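Chemist: Here you go, target-v9.cif (mmCIF, C-alpha atoms):
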```
data_input
loop_
_atom_site.label_atom_id
_atom_site.label_comp_id
_atom_site.auth_asym_id
_atom_site.auth_seq_id
_atom_site.Cartn_x
_atom_site.Cartn_y
_atom_site.Cartn_z
CA MET A 1 71.28 14.96 16.29
CA ARG A 2 73.33 17.77 17.74
CA VAL A 3 71.51 20.77 19.24
CA ARG A 4 73.27 24.04 19.94
CA ILE A 5 73.70 24.48 23.69
CA SER A 6 72.25 28.00 23.64
CA LYS A 7 69.04 26.70 22.09
CA VAL A 8 68.79 23.88 24.61
CA VAL A 9 69.31 26.27 27.53
CA ALA A 10 66.71 28.70 26.20
CA LEU A 11 64.20 25.92 25.68
CA ALA A 12 64.81 24.46 29.14
CA ALA A 13 64.33 27.90 30.70
CA ALA A 14 60.99 28.29 28.93
CA ILE A 15 59.82 24.95 30.27
CA VAL A 16 60.89 25.77 33.84
CA LEU A 17 59.25 29.22 33.83
CA THR A 18 56.01 28.42 32.02
CA GLY A 19 55.66 24.66 32.05
CA THR A 20 55.03 24.77 28.33
CA VAL A 21 56.91 25.16 25.11
CA SER A 22 55.66 27.78 22.70
CA ALA A 23 55.45 27.02 18.98
CA ALA A 24 58.05 29.72 18.36
CA GLY A 25 60.39 28.19 20.93
CA ALA A 26 60.00 24.73 19.43
CA THR A 27 60.62 26.09 15.95
CA ALA A 28 63.75 27.92 17.10
CA ALA A 29 65.10 24.78 18.75
CA ALA A 30 64.41 22.75 15.62
CA ALA A 31 66.11 25.37 13.50
CA GLY A 32 69.17 25.25 15.74
CA THR A 33 69.31 21.47 15.45
CA HIS A 34 68.98 21.61 11.69
CA ALA A 35 71.67 24.27 11.35
CA ALA A 36 74.14 22.14 13.33
CA ALA A 37 73.63 19.03 11.17
CA LYS A 38 76.14 18.16 8.47
CA PRO A 39 75.53 15.81 5.56
CA THR A 40 77.05 12.36 5.69
CA ILE A 41 79.82 11.83 3.16
CA VAL A 42 79.56 8.44 1.44
CA LEU A 43 82.74 7.43 -0.39
CA VAL A 44 82.81 4.86 -3.21
CA HIS A 45 86.19 3.46 -4.24
CA GLY A 46 86.95 2.22 -7.71
CA ALA A 47 88.69 -0.74 -9.34
CA PHE A 48 92.12 -1.98 -8.19
CA ALA A 49 91.55 -0.33 -4.78
CA ASP A 50 89.60 -0.69 -1.56
CA SER A 51 88.09 1.65 1.02
CA SER A 52 91.50 2.25 2.62
CA SER A 53 92.39 4.32 -0.45
CA TRP A 54 90.19 7.04 1.09
CA SER A 55 92.07 7.06 4.43
CA GLY A 56 93.73 10.46 4.02
CA VAL A 57 90.49 12.02 2.79
CA ILE A 58 88.48 10.44 5.60
CA GLU A 59 90.87 11.82 8.22
CA ARG A 60 90.48 15.35 6.89
CA LEU A 61 86.70 15.14 6.60
CA GLN A 62 86.38 13.85 10.16
CA GLN A 63 88.62 16.65 11.41
CA ARG A 64 86.02 19.04 10.00
CA GLY A 65 83.19 17.28 11.79
CA TYR A 66 81.67 15.33 8.91
CA PRO A 67 80.24 11.85 9.43
CA VAL A 68 81.77 9.52 6.82
CA VAL A 69 80.87 6.10 5.42
CA ALA A 70 83.21 4.28 3.02
CA ALA A 71 81.28 1.75 0.98
CA ALA A 72 82.94 -1.55 0.05
CA ASN A 73 82.30 -1.53 -3.69
CA PRO A 74 81.91 -5.18 -4.83
CA LEU A 75 83.44 -4.58 -8.32
CA ARG A 76 81.36 -7.38 -9.85
CA GLY A 77 78.96 -5.61 -12.21
CA LEU A 78 77.77 -2.03 -12.64
CA SER A 79 74.08 -2.64 -11.91
CA SER A 80 74.71 -5.02 -9.01
CA ASP A 81 77.43 -2.78 -7.55
CA ALA A 82 75.06 0.20 -7.76
CA ALA A 83 72.31 -1.82 -6.07
CA TYR A 84 74.67 -2.62 -3.20
CA VAL A 85 75.83 0.98 -2.80
CA ARG A 86 72.18 2.02 -2.84
CA THR A 87 71.62 -0.13 0.26
CA VAL A 88 74.48 1.73 1.94
CA ILE A 89 72.92 5.06 1.00
CA ASN A 90 69.53 3.93 2.27
CA SER A 91 71.05 3.09 5.66
CA VAL A 92 72.15 6.70 6.17
CA LYS A 93 69.76 9.15 7.79
CA GLY A 94 69.59 12.72 6.51
CA PRO A 95 71.32 14.46 3.60
CA ILE A 96 74.18 12.75 1.77
CA VAL A 97 77.10 13.83 -0.37
CA LEU A 98 78.40 11.03 -2.59
CA ALA A 99 82.02 10.97 -3.75
CA GLY A 100 83.30 8.36 -6.17
CA HIS A 101 86.76 7.56 -7.51
CA SER A 102 87.37 6.01 -10.93
CA TYR A 103 84.83 3.21 -11.59
CA GLY A 104 83.21 4.24 -8.30
CA GLY A 105 81.97 7.33 -10.14
CA ALA A 106 79.99 5.15 -12.54
CA VAL A 107 78.58 3.19 -9.60
CA MET A 108 77.42 6.29 -7.72
CA THR A 109 75.99 7.73 -10.96
CA ASN A 110 73.59 4.78 -10.96
CA ALA A 111 73.14 4.33 -7.20
CA ALA A 112 72.03 7.93 -6.57
CA ALA A 113 69.54 8.23 -9.42
CA GLY A 114 66.19 9.41 -8.10
CA ASP A 115 67.33 9.63 -4.46
CA PRO A 116 66.18 12.93 -2.90
CA ASP A 117 68.58 12.57 0.04
CA VAL A 118 71.68 12.78 -2.17
CA LYS A 119 72.45 16.48 -2.40
CA ALA A 120 75.74 16.43 -4.34
CA LEU A 121 77.96 14.17 -6.43
CA VAL A 122 81.74 14.57 -6.34
CA TYR A 123 83.73 12.83 -9.08
CA ILE A 124 87.38 12.19 -8.22
CA ALA A 125 89.26 11.17 -11.39
CA ALA A 126 86.07 9.29 -12.09
CA PHE A 127 83.69 8.06 -14.73
CA ALA A 128 80.41 9.95 -15.13
CA PRO A 129 78.63 7.90 -17.80
CA ALA A 130 75.47 8.81 -19.67
CA LYS A 131 72.76 6.21 -20.17
CA GLY A 132 74.13 3.23 -22.09
CA GLU A 133 77.80 4.22 -21.76
CA SER A 134 80.36 1.91 -20.14
CA ALA A 135 83.57 2.68 -18.28
CA LEU A 136 85.54 0.88 -20.98
CA GLU A 137 83.96 3.02 -23.69
CA LEU A 138 84.71 6.25 -21.83
CA SER A 139 88.31 5.33 -21.04
CA ASN A 140 88.93 4.82 -24.76
CA LYS A 141 87.05 7.91 -25.93
CA PHE A 142 90.26 9.95 -25.91
CA PRO A 143 93.86 8.72 -26.34
CA GLY A 144 96.18 8.27 -23.40
CA SER A 145 95.04 5.31 -21.29
CA THR A 146 97.76 2.67 -20.86
CA LEU A 147 95.77 0.48 -18.46
CA GLY A 148 95.15 -2.39 -20.88
CA ASP A 149 98.82 -3.25 -21.25
CA THR A 150 99.31 -3.55 -17.47
CA LEU A 151 96.43 -5.92 -16.69
CA ALA A 152 96.80 -9.50 -15.48
CA PRO A 153 93.59 -11.47 -16.18
CA VAL A 154 92.41 -14.33 -13.95
CA PRO A 155 89.63 -16.55 -15.41
CA LEU A 156 86.72 -17.09 -13.03
CA GLY A 157 85.35 -20.28 -14.57
CA ASP A 158 82.03 -18.77 -15.65
CA GLY A 159 83.31 -17.18 -18.84
CA SER A 160 84.19 -13.90 -17.14
CA THR A 161 87.56 -12.68 -15.89
CA ASP A 162 88.94 -10.85 -12.91
CA LEU A 163 91.37 -8.08 -13.77
CA PHE A 164 94.37 -7.02 -11.67
CA ILE A 165 97.13 -4.53 -12.41
CA ARG A 166 100.49 -6.29 -12.44
CA GLN A 167 102.26 -5.52 -9.18
CA ASP A 168 105.50 -4.56 -10.91
CA LEU A 169 103.63 -2.00 -13.04
CA PHE A 170 101.17 -0.77 -10.43
CA LYS A 171 103.02 2.33 -9.25
CA GLN A 172 103.74 3.74 -12.71
CA GLN A 173 100.22 2.98 -13.93
CA PHE A 174 98.02 3.78 -10.95
CA ALA A 175 99.93 5.71 -8.28
CA ALA A 176 102.99 7.34 -9.84
CA ASP A 177 103.00 10.27 -7.39
CA ALA A 178 102.36 8.21 -4.25
CA PRO A 179 105.24 7.25 -1.92
CA LYS A 180 106.99 4.10 -3.13
CA GLN A 181 106.20 2.02 -0.04
CA GLN A 182 102.55 3.07 -0.05
CA ALA A 183 102.18 2.24 -3.75
CA ALA A 184 103.75 -1.18 -3.12
CA LEU A 185 101.17 -1.89 -0.39
CA MET A 186 98.38 -0.73 -2.68
CA ALA A 187 99.61 -3.09 -5.40
CA VAL A 188 99.45 -6.07 -3.03
CA THR A 189 96.05 -5.20 -1.50
CA GLN A 190 94.32 -4.13 -4.73
CA ARG A 191 90.90 -5.66 -5.34
CA PRO A 192 90.21 -6.96 -8.83
CA ILE A 193 87.32 -5.89 -11.00
CA ARG A 194 85.30 -8.31 -13.11
CA ASP A 195 85.70 -7.50 -16.79
CA ALA A 196 81.92 -7.43 -17.28
CA ALA A 197 81.65 -4.50 -14.85
CA LEU A 198 83.80 -2.31 -17.09
CA SER A 199 81.78 -3.10 -20.23
CA GLU A 200 78.27 -2.88 -18.73
CA GLY A 201 76.24 0.13 -19.87
CA SER A 202 75.01 2.69 -17.37
CA GLY A 203 71.44 3.38 -16.41
CA GLU A 204 69.89 6.84 -16.17
CA PRO A 205 72.61 9.11 -14.71
CA ALA A 206 72.12 10.89 -11.41
CA TRP A 207 74.19 13.87 -12.57
CA LYS A 208 71.30 14.99 -14.77
CA THR A 209 69.31 15.98 -11.67
CA ILE A 210 71.89 16.22 -8.84
CA PRO A 211 74.59 18.94 -8.78
CA SER A 212 78.10 17.67 -9.48
CA TRP A 213 81.69 18.66 -8.73
CA PHE A 214 84.75 17.21 -10.49
CA LEU A 215 88.40 16.82 -9.56
CA LEU A 216 90.64 15.96 -12.53
CA ALA A 217 93.97 14.12 -12.30
CA GLY A 218 96.20 15.70 -14.92
CA ALA A 219 98.71 12.82 -15.18
CA ASP A 220 96.13 10.02 -15.02
CA ARG A 221 97.12 6.92 -17.02
CA ASN A 222 93.83 5.07 -16.42
CA ILE A 223 91.30 7.72 -17.46
CA PRO A 224 92.84 10.37 -19.72
CA VAL A 225 92.35 13.84 -18.28
CA GLN A 226 90.75 14.92 -21.55
CA ALA A 227 88.02 12.35 -20.95
CA GLN A 228 87.58 13.53 -17.36
CA ARG A 229 87.27 17.14 -18.50
CA TRP A 230 84.77 16.20 -21.22
CA MET A 231 82.58 14.34 -18.72
CA ALA A 232 82.72 17.27 -16.29
CA ASP A 233 81.64 19.71 -18.98
CA ARG A 234 78.83 17.44 -20.11
CA ALA A 235 77.53 17.01 -16.57
CA GLY A 236 77.48 20.78 -16.01
CA SER A 237 79.97 20.58 -13.16
CA ARG A 238 79.46 23.33 -10.56
CA ALA A 239 83.23 23.48 -10.06
CA THR A 240 86.08 21.62 -11.74
CA VAL A 241 89.50 21.41 -10.08
CA GLU A 242 92.52 20.00 -11.89
CA ILE A 243 95.72 18.81 -10.21
CA ARG A 244 98.09 18.83 -13.13
CA LYS A 245 100.69 16.29 -11.98
CA ALA A 246 98.36 13.97 -10.08
CA SER A 247 98.16 10.26 -10.87
CA HIS A 248 94.96 8.23 -10.96
CA ALA A 249 95.36 7.65 -7.20
CA VAL A 250 94.86 11.37 -6.56
CA GLY A 251 92.95 10.77 -3.32
CA VAL A 252 96.01 8.99 -1.91
CA SER A 253 98.63 11.45 -3.13
CA ASN A 254 96.56 14.64 -2.69
CA PRO A 255 93.98 13.98 0.05
CA ARG A 256 93.65 17.61 1.14
CA PRO A 257 92.34 19.11 -2.15
CA VAL A 258 90.08 16.08 -2.55
CA ALA A 259 88.60 16.67 0.91
CA ASP A 260 88.38 20.40 0.20
CA LEU A 261 86.27 19.80 -2.90
CA ILE A 262 83.98 17.41 -1.06
CA VAL A 263 83.46 20.01 1.69
CA ARG A 264 82.82 22.63 -0.99
CA ALA A 265 80.05 20.45 -2.41
CA ALA A 266 78.69 19.71 1.05
CA THR A 267 78.39 23.42 1.93
CA ALA A 268 77.06 24.62 -1.44
CA ARG A 269 73.66 26.25 -1.57
#
```
Go ahead and express the file in the form of structure tokens.

Modeler:
Amino acid sequence: MRVRISKVVALAAAIVLTGTVSAAGATAAAAGTHAAAKPTIVLVHGAFADSSSWSGVIERLQQRGYPVVAAANPLRGLSSDAAYVRTVINSVKGPIVLAGHSYGGAVMTNAAAGDPDVKALVYIAAFAPAKGESALELSNKFPGSTLGDTLAPVPLGDGSTDLFIRQDLFKQQFAADAPKQQAALMAVTQRPIRDAALSEGSGEPAWKTIPSWFLLAGADRNIPVQAQRWMADRAGSRATVEIRKASHAVGVSNPRPVADLIVRAATAR
């Protein structure tokens, strides 16, 4: 924990002069320590991505003094993914702000439910399901998603399938506004999602009890912006920011406004 130097000096002086620490002095020092603390930002990536997709956002959050943890979302099943992310959350001491992208929003919606340390949820072009809803259901609620036609399925041998976005279609589908070379790297390093994860219904949503903020990607071809806006309205979003020409990979192409919204949630009272 960080303690303001002025508080430490004042406390040390009291000890030297009196040999004791008054209750008021101890309280003041504790207050100074508490005021200096910042919540930890826990980032949850979505399908067809990995934690490196948050790199630009992480850099900007760290520049502002925030501790950051990027969870490696397994992408195997909604309930099991949420259980894993919950272990990440439980390893963090103090207040937490959760930010999720795409399917990562559905995962954090389940992982944060009932956790008093999670102070805010930030949805970045993300799913915010209600109980029983799946990501697949929400992506098809409004017209506009072209994801299905770009997928390359890989059977897993247990009756389920891993889903990739075809590399030759990745940029136009997922990261149209990202630099060409960066989108090409993302296409190669994408992590597949198991089909069952997209069709599994959500548990009780954390956004019913935890304040939420939403960033909408206006040119998203995975989750239509109309669906994003509808979920934000339903969740009672404290603030909704839309980047009109942003692709689904908005955290890659527009890391500054994404970081700005996360900081806005982290400093809200």

Chemist: Determine the nearest neighbour of Ser253 of chain A from the options A:Ser53, A:Ser160, A:Gln172, A:Ser237, counting only C-alpha atoms.

Modeler: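 Nearest candidate to Ser253 of chain A out of A:Ser53, A:Ser160, A:Gln172, A:Ser237: A:Ser53.
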
Chemist: At what distance in Å, to one decimal, does atom CA of Gly148 of chain A lie from atom CA of Gln173 of chain A?

Modeler: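 Atom CA of Gly148 of chain A lies at a distance of 10.1 Å from atom CA of Gln173 of chain A.
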
Chemist: Give me the residues near segment 68-72 of chain A as a list in words, where near means some atom within 8 Å (using all atoms listed in the file) and where sequence neighbours in that chain fewer than 5 positions away do not count.

Modeler: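 Near neighbours after the sequence-gap exclusion: Thr40, Ile41, Val42, Leu43, Val44, His45, Asp50, Ser51, Trp54, Ile58, Leu61, Gln62, Val85 and Val88 of chain A.
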
Chemist: Any chance you could resolve the PyMOL selection byres ((chain A and resi 150-158) around 12) against this file and give the residues as a PyMOL selection string?

Modeler: chain A and resi 47-48+76+145-149+159-174+192-196+221-222

Chemist: One number please: atom CA of Ser80 of chain A to atom CA of Ser202 of chain A, in Å, one decimal.

Modeler: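 Atom CA of Ser202 of chain A lies 11.4 Å from atom CA of Ser80 of chain A.
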
Chemist: Which one is closest to Gly100 of chain A: A:Arg264, A:Phe127, A:Leu75, A:Glu200? Count all atoms listed in the file.

Modeler: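 Residue with the minimum atom-to-atom distance to Gly100 of chain A: A:Phe127.
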
Chemist: If the PyMOL selection byres ((chain A and resi 247) around 6) were run on this exact file, what residues would it hold? Put them as a ChimeraX atom specification.

Modeler: /A:175-177,217,219-220,246,248-250

Chemist: Restricting the calculation to all atoms listed in the file, which member of A:Ala235, A:Ala49, A:Ala178, A:Leu216 is positioned closest to Ala130 of chain A?

Modeler: A:Ala235

Chemist: So that I can check the surroundings of Ala99 of chain A, please list as a ChimeraX atom specification every protein, DNA and RNA residue that reaches within 10 Å of it, counting all atoms listed in the file and ignoring chain neighbours fewer than 5 positions away.

Modeler: /A:41-45,70,104-105,108-109,120-124,126,212-214,258-259,261-262,265

Chemist: For a test of reading the model, state the distance in Å between atom CA of Asp81 of chain A and atom CA of Asp233 of chain A, rounded to one decimal.

Modeler: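 One can read the atom CA of Asp81 of chain A to atom CA of Asp233 of chain A distance as 25.6 Å.
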
Chemist: Anything within 7 Å of (81.3, -0.7, -17.3): list those residues as a PDB file with C-alpha atoms, in the frame of the given file, counting all atoms listed in the file and sticking to the file's coordinates.

Modeler:
```pdb
ATOM      1  CA  LEU A  78      77.770  -2.030 -12.640  1.00  0.00           C
ATOM      2  CA  SER A 134      80.360   1.910 -20.140  1.00  0.00           C
ATOM      3  CA  ALA A 135      83.570   2.680 -18.280  1.00  0.00           C
ATOM      4  CA  LEU A 136      85.540   0.880 -20.980  1.00  0.00           C
ATOM      5  CA  ALA A 196      81.920  -7.430 -17.280  1.00  0.00           C
ATOM      6  CA  ALA A 197      81.650  -4.500 -14.850  1.00  0.00           C
ATOM      7  CA  LEU A 198      83.800  -2.310 -17.090  1.00  0.00           C
ATOM      8  CA  SER A 199      81.780  -3.100 -20.230  1.00  0.00           C
ATOM      9  CA  GLU A 200      78.270  -2.880 -18.730  1.00  0.00           C
ATOM     10  CA  GLY A 201      76.240   0.130 -19.870  1.00  0.00           C
TER      11      GLY A 201
END
```

Chemist: Name the closest residue to Lys119 of chain A among the candidates A:Glu137, A:Gly132, A:Trp207, A:Arg244; distances are taken between atoms, counting only C-alpha atoms.

Modeler: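 For Lys119 of chain A, the nearest of the given residues is A:Trp207.
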
Chemist: Counting only C-alpha atoms, which of A:Ala106, A:Gly65, A:Arg234, A:Asp117 gets nearest to Asn90 of chain A?

Modeler: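 Checking each of A:Ala106, A:Gly65, A:Arg234, A:Asp117 against Asn90 of chain A, counting only C-alpha atoms, the winner is A:Asp117.
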
Chemist: Find, counting only C-alpha atoms, the residue in A:Met231, A:Gln181, A:Arg60, A:Pro39 that gets nearest to Val92 of chain A.

Modeler: A:Pro39

Chemist: Kindly compute an axis-aligned box around the listed atoms of segment 237-256 of chain A, allowing 4 Å on each side, and express its centre and edge lengths in Å to one decimal as JSON.

Modeler:
```
{"center_x": 90.1, "center_y": 15.6, "center_z": -6.0, "size_x": 29.2, "size_y": 23.8, "size_z": 22.3}
```
